[in-house]
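Engineer: This is the structure I want to talk about, given as structure tokens.
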Amino acid sequence: MTHDVLRLTNKNNSPVAFKVKTTAPKQYCVRPNAGRIEPGESVEVQVVLQPMKETPAANSKCRDKFLIQSIAISREMDSMTVSEIWTMAECEAKDIINEKKLRVRYLPPEDASKQKADGADAAST
């Protein structure tokens with residue numbers, strides 16, 4: 001199982017709502033996949049690649065992508081839940097949603113002999 005952390009930071013003076021989507025939802029577990037970030041704060045999003053039946057070939061190209069969406073939370077939206085904010089934004093205010101796309105790139109696994117050596121060092125200390 002492979003995982004990584006995506007750190008989202010709010011550099012604005014007002015809170016923001018975020019949402020993380022993927023083109024392969026059965027392949028990745030994203031937690032939290034939506035939330036609220038206060039001004040000057042950050043949130044860490046865990047992205048976990050589910051076990052694969054086969055390891056991808058070294059030269060294989062991955063077509064998976066992630067879409068990070070954010071929207072400033074106005075005073076009118078402040079009492080709304082994150083779910084309500086996104087429902088409203090997607091119906092009435094698509095033009096104020098900020099989006100950033102990230103492409104997935106598979107990296108080759110670390111050298112097995114190096115991992116074995118590292119494990120032996122850790123066990124002997």
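Just remember, in the structure tokens the first chain shown is A, the second B, etc., residues are 1-based per chain, and ligands are 1-based in the order shown.
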I'd like the neighbourhood of stretch 66-83 of chain A as a PyMOL selection string, where a residue qualifies if any of its atoms comes within 7 Å (using only C-alpha atoms), though same-chain residues fewer than 4 positions away should be ignored.
Structural biologist: chain A and resi 14-23+35-36+87+96-103
Engineer: Considering only alpha helix (DSSP H) as DSSP defines it on the backbone, what residues of chain A qualify? List them as a PDB file with N, CA and C atoms, in the first residue's frame.
Structural biologist:
```pdb
ATOM      1  N   VAL A  82     -20.158  22.329   4.950  1.00  0.00           N
ATOM      2  CA  VAL A  82     -19.312  22.225   3.753  1.00  0.00           C
ATOM      3  C   VAL A  82     -20.111  21.612   2.603  1.00  0.00           C
ATOM      4  N   SER A  83     -20.910  20.605   2.902  1.00  0.00           N
ATOM      5  CA  SER A  83     -21.745  19.969   1.879  1.00  0.00           C
ATOM      6  C   SER A  83     -22.724  20.966   1.264  1.00  0.00           C
ATOM      7  N   GLU A  84     -23.359  21.783   2.100  1.00  0.00           N
ATOM      8  CA  GLU A  84     -24.294  22.796   1.595  1.00  0.00           C
ATOM      9  C   GLU A  84     -23.579  23.846   0.751  1.00  0.00           C
ATOM     10  N   ILE A  85     -22.376  24.239   1.161  1.00  0.00           N
ATOM     11  CA  ILE A  85     -21.591  25.221   0.390  1.00  0.00           C
ATOM     12  C   ILE A  85     -21.314  24.688  -1.002  1.00  0.00           C
ATOM     13  N   TRP A  86     -20.881  23.412  -1.087  1.00  0.00           N
ATOM     14  CA  TRP A  86     -20.559  22.844  -2.406  1.00  0.00           C
ATOM     15  C   TRP A  86     -21.801  22.656  -3.264  1.00  0.00           C
ATOM     16  N   THR A  87     -22.908  22.273  -2.666  1.00  0.00           N
ATOM     17  CA  THR A  87     -24.155  22.123  -3.425  1.00  0.00           C
ATOM     18  C   THR A  87     -24.553  23.466  -4.028  1.00  0.00           C
ATOM     19  N   MET A  88     -24.495  24.519  -3.223  1.00  0.00           N
ATOM     20  CA  MET A  88     -24.840  25.860  -3.683  1.00  0.00           C
ATOM     21  C   MET A  88     -23.852  26.337  -4.761  1.00  0.00           C
ATOM     22  N   ALA A  89     -22.563  26.150  -4.513  1.00  0.00           N
ATOM     23  CA  ALA A  89     -21.544  26.629  -5.448  1.00  0.00           C
ATOM     24  C   ALA A  89     -21.655  25.934  -6.804  1.00  0.00           C
ATOM     25  N   GLU A  90     -21.879  24.632  -6.802  1.00  0.00           N
ATOM     26  CA  GLU A  90     -21.945  23.889  -8.063  1.00  0.00           C
ATOM     27  C   GLU A  90     -23.201  24.215  -8.856  1.00  0.00           C
ATOM     28  N   CYS A  91     -24.247  24.672  -8.180  1.00  0.00           N
ATOM     29  CA  CYS A  91     -25.488  25.033  -8.875  1.00  0.00           C
ATOM     30  C   CYS A  91     -25.523  26.499  -9.287  1.00  0.00           C
ATOM     31  N   GLU A  92     -25.027  27.370  -8.425  1.00  0.00           N
ATOM     32  CA  GLU A  92     -25.225  28.804  -8.624  1.00  0.00           C
ATOM     33  C   GLU A  92     -23.962  29.621  -8.857  1.00  0.00           C
ATOM     34  N   ALA A 112      15.142  -3.233  -3.923  1.00  0.00           N
ATOM     35  CA  ALA A 112      14.827  -4.225  -2.889  1.00  0.00           C
ATOM     36  C   ALA A 112      16.040  -4.523  -2.017  1.00  0.00           C
ATOM     37  N   SER A 113      17.248  -4.564  -2.591  1.00  0.00           N
ATOM     38  CA  SER A 113      18.441  -4.857  -1.794  1.00  0.00           C
ATOM     39  C   SER A 113      18.718  -3.727  -0.808  1.00  0.00           C
ATOM     40  N   LYS A 114      18.441  -2.475  -1.211  1.00  0.00           N
ATOM     41  CA  LYS A 114      18.641  -1.327  -0.323  1.00  0.00           C
ATOM     42  C   LYS A 114      17.645  -1.418   0.841  1.00  0.00           C
ATOM     43  N   GLN A 115      16.384  -1.777   0.540  1.00  0.00           N
ATOM     44  CA  GLN A 115      15.379  -1.908   1.596  1.00  0.00           C
ATOM     45  C   GLN A 115      15.792  -2.995   2.580  1.00  0.00           C
ATOM     46  N   LYS A 116      16.312  -4.094   2.071  1.00  0.00           N
ATOM     47  CA  LYS A 116      16.714  -5.213   2.929  1.00  0.00           C
ATOM     48  C   LYS A 116      17.859  -4.767   3.830  1.00  0.00           C
ATOM     49  N   ALA A 117      18.828  -4.039   3.259  1.00  0.00           N
ATOM     50  CA  ALA A 117      19.962  -3.561   4.046  1.00  0.00           C
ATOM     51  C   ALA A 117      19.500  -2.577   5.110  1.00  0.00           C
ATOM     52  N   ASP A 118      18.601  -1.677   4.743  1.00  0.00           N
ATOM     53  CA  ASP A 118      18.071  -0.705   5.702  1.00  0.00           C
ATOM     54  C   ASP A 118      17.342  -1.414   6.832  1.00  0.00           C
ATOM     55  N   GLY A 119      16.590  -2.430   6.509  1.00  0.00           N
ATOM     56  CA  GLY A 119      15.872  -3.194   7.516  1.00  0.00           C
ATOM     57  C   GLY A 119      16.816  -3.903   8.462  1.00  0.00           C
ATOM     58  N   ALA A 120      17.927  -4.443   7.938  1.00  0.00           N
ATOM     59  CA  ALA A 120      18.907  -5.128   8.780  1.00  0.00           C
ATOM     60  C   ALA A 120      19.567  -4.129   9.726  1.00  0.00           C
ATOM     61  N   ASP A 121      19.879  -2.925   9.238  1.00  0.00           N
ATOM     62  CA  ASP A 121      20.486  -1.895  10.089  1.00  0.00           C
ATOM     63  C   ASP A 121      19.547  -1.514  11.209  1.00  0.00           C
ATOM     64  N   ALA A 122      18.275  -1.354  10.894  1.00  0.00           N
ATOM     65  CA  ALA A 122      17.308  -0.937  11.900  1.00  0.00           C
ATOM     66  C   ALA A 122      17.152  -2.022  12.970  1.00  0.00           C
ATOM     67  N   ALA A 123      17.214  -3.277  12.552  1.00  0.00           N
ATOM     68  CA  ALA A 123      17.017  -4.363  13.498  1.00  0.00           C
ATOM     69  C   ALA A 123      18.223  -4.504  14.434  1.00  0.00           C
ATOM     70  N   SER A 124      19.406  -4.116  13.997  1.00  0.00           N
ATOM     71  CA  SER A 124      20.586  -4.312  14.817  1.00  0.00           C
ATOM     72  C   SER A 124      20.844  -3.145  15.768  1.00  0.00           C
TER      73      SER A 124
END
```
Engineer: Identify which of the residues A:Cys29, A:Val43, A:Ala93, A:Cys62 lies closest to A:Leu8, counting only C-alpha atoms when measuring atom-to-atom distances.
Structural biologist: A:Val43
Engineer: Mind checking DSSP for stretch 8-50 of chain A and telling me the strand (DSSP E or B) residues as a list of chain:residue names?
Structural biologist: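 Filtering stretch 8-50 of chain A to strand (DSSP E or B) leaves A:Leu8, A:Thr9, A:Val16, A:Ala17, A:Phe18, A:Lys19, A:Val20, A:Lys21, A:Thr22, A:Tyr28, A:Cys29, A:Val30, A:Arg31, A:Ala34, A:Gly35, A:Arg36, A:Ile37, A:Ser42, A:Val43, A:Glu44, A:Val45, A:Gln46, A:Val47, A:Val48, A:Leu49.
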Engineer: Residues as selected, C-alpha atoms, written as a JSON list (two decimals), in the first residue's frame, can you do that?
Structural biologist:
```
[["chain", "number", "residue", "atom", "x", "y", "z"],
["A", 8, "LEU", "CA", -3.58, 22.41, 1.57],
["A", 9, "THR", "CA", -2.95, 25.91, 2.98],
["A", 16, "VAL", "CA", -12.21, 28.39, 2.36],
["A", 17, "ALA", "CA", -13.99, 25.14, 1.62],
["A", 18, "PHE", "CA", -12.08, 22.49, -0.32],
["A", 19, "LYS", "CA", -12.91, 19.28, -2.12],
["A", 20, "VAL", "CA", -10.56, 16.66, -3.61],
["A", 21, "LYS", "CA", -11.80, 14.53, -6.52],
["A", 22, "THR", "CA", -10.08, 11.80, -8.52],
["A", 28, "TYR", "CA", -7.46, 5.88, -4.19],
["A", 29, "CYS", "CA", -8.71, 6.57, -0.69],
["A", 30, "VAL", "CA", -8.67, 10.33, 0.05],
["A", 31, "ARG", "CA", -9.29, 11.49, 3.65],
["A", 34, "ALA", "CA", -13.67, 17.81, 1.69],
["A", 35, "GLY", "CA", -13.51, 20.31, 4.49],
["A", 36, "ARG", "CA", -13.00, 23.84, 5.71],
["A", 37, "ILE", "CA", -9.69, 25.64, 6.24],
["A", 42, "SER", "CA", -3.39, 24.13, 6.71],
["A", 43, "VAL", "CA", -4.95, 20.71, 6.44],
["A", 44, "GLU", "CA", -3.22, 17.45, 5.56],
["A", 45, "VAL", "CA", -5.11, 15.21, 3.16],
["A", 46, "GLN", "CA", -4.09, 11.54, 3.17],
["A", 47, "VAL", "CA", -4.01, 9.93, -0.29],
["A", 48, "VAL", "CA", -3.74, 6.14, -0.24],
["A", 49, "LEU", "CA", -3.25, 4.03, -3.36]]
```
Engineer: Please compute the atom CA of A:Thr2-atom CA of A:Lys61 distance, one decimal, in Å.
Structural biologist: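 Computing it gives 17.3 Å between the two atoms.
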Engineer: By how many Å are atom CA of A:Asn59 and atom CA of A:Leu6 apart?
Structural biologist: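 Rounded to one decimal, the two atoms are 24.9 Å apart.
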Engineer: Which one is closest to A:Lys65: A:Pro25, A:Lys53, A:Asn33, A:Glu38? Count only C-alpha atoms.
Structural biologist: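 Between A:Pro25, A:Lys53, A:Asn33, A:Glu38, the residue approaching A:Lys65 most closely is A:Pro25.
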Engineer: Which distance in Å separates atom CA of A:Asp64 and atom CA of A:Ala24, to one decimal?
Structural biologist: 6.2 Å
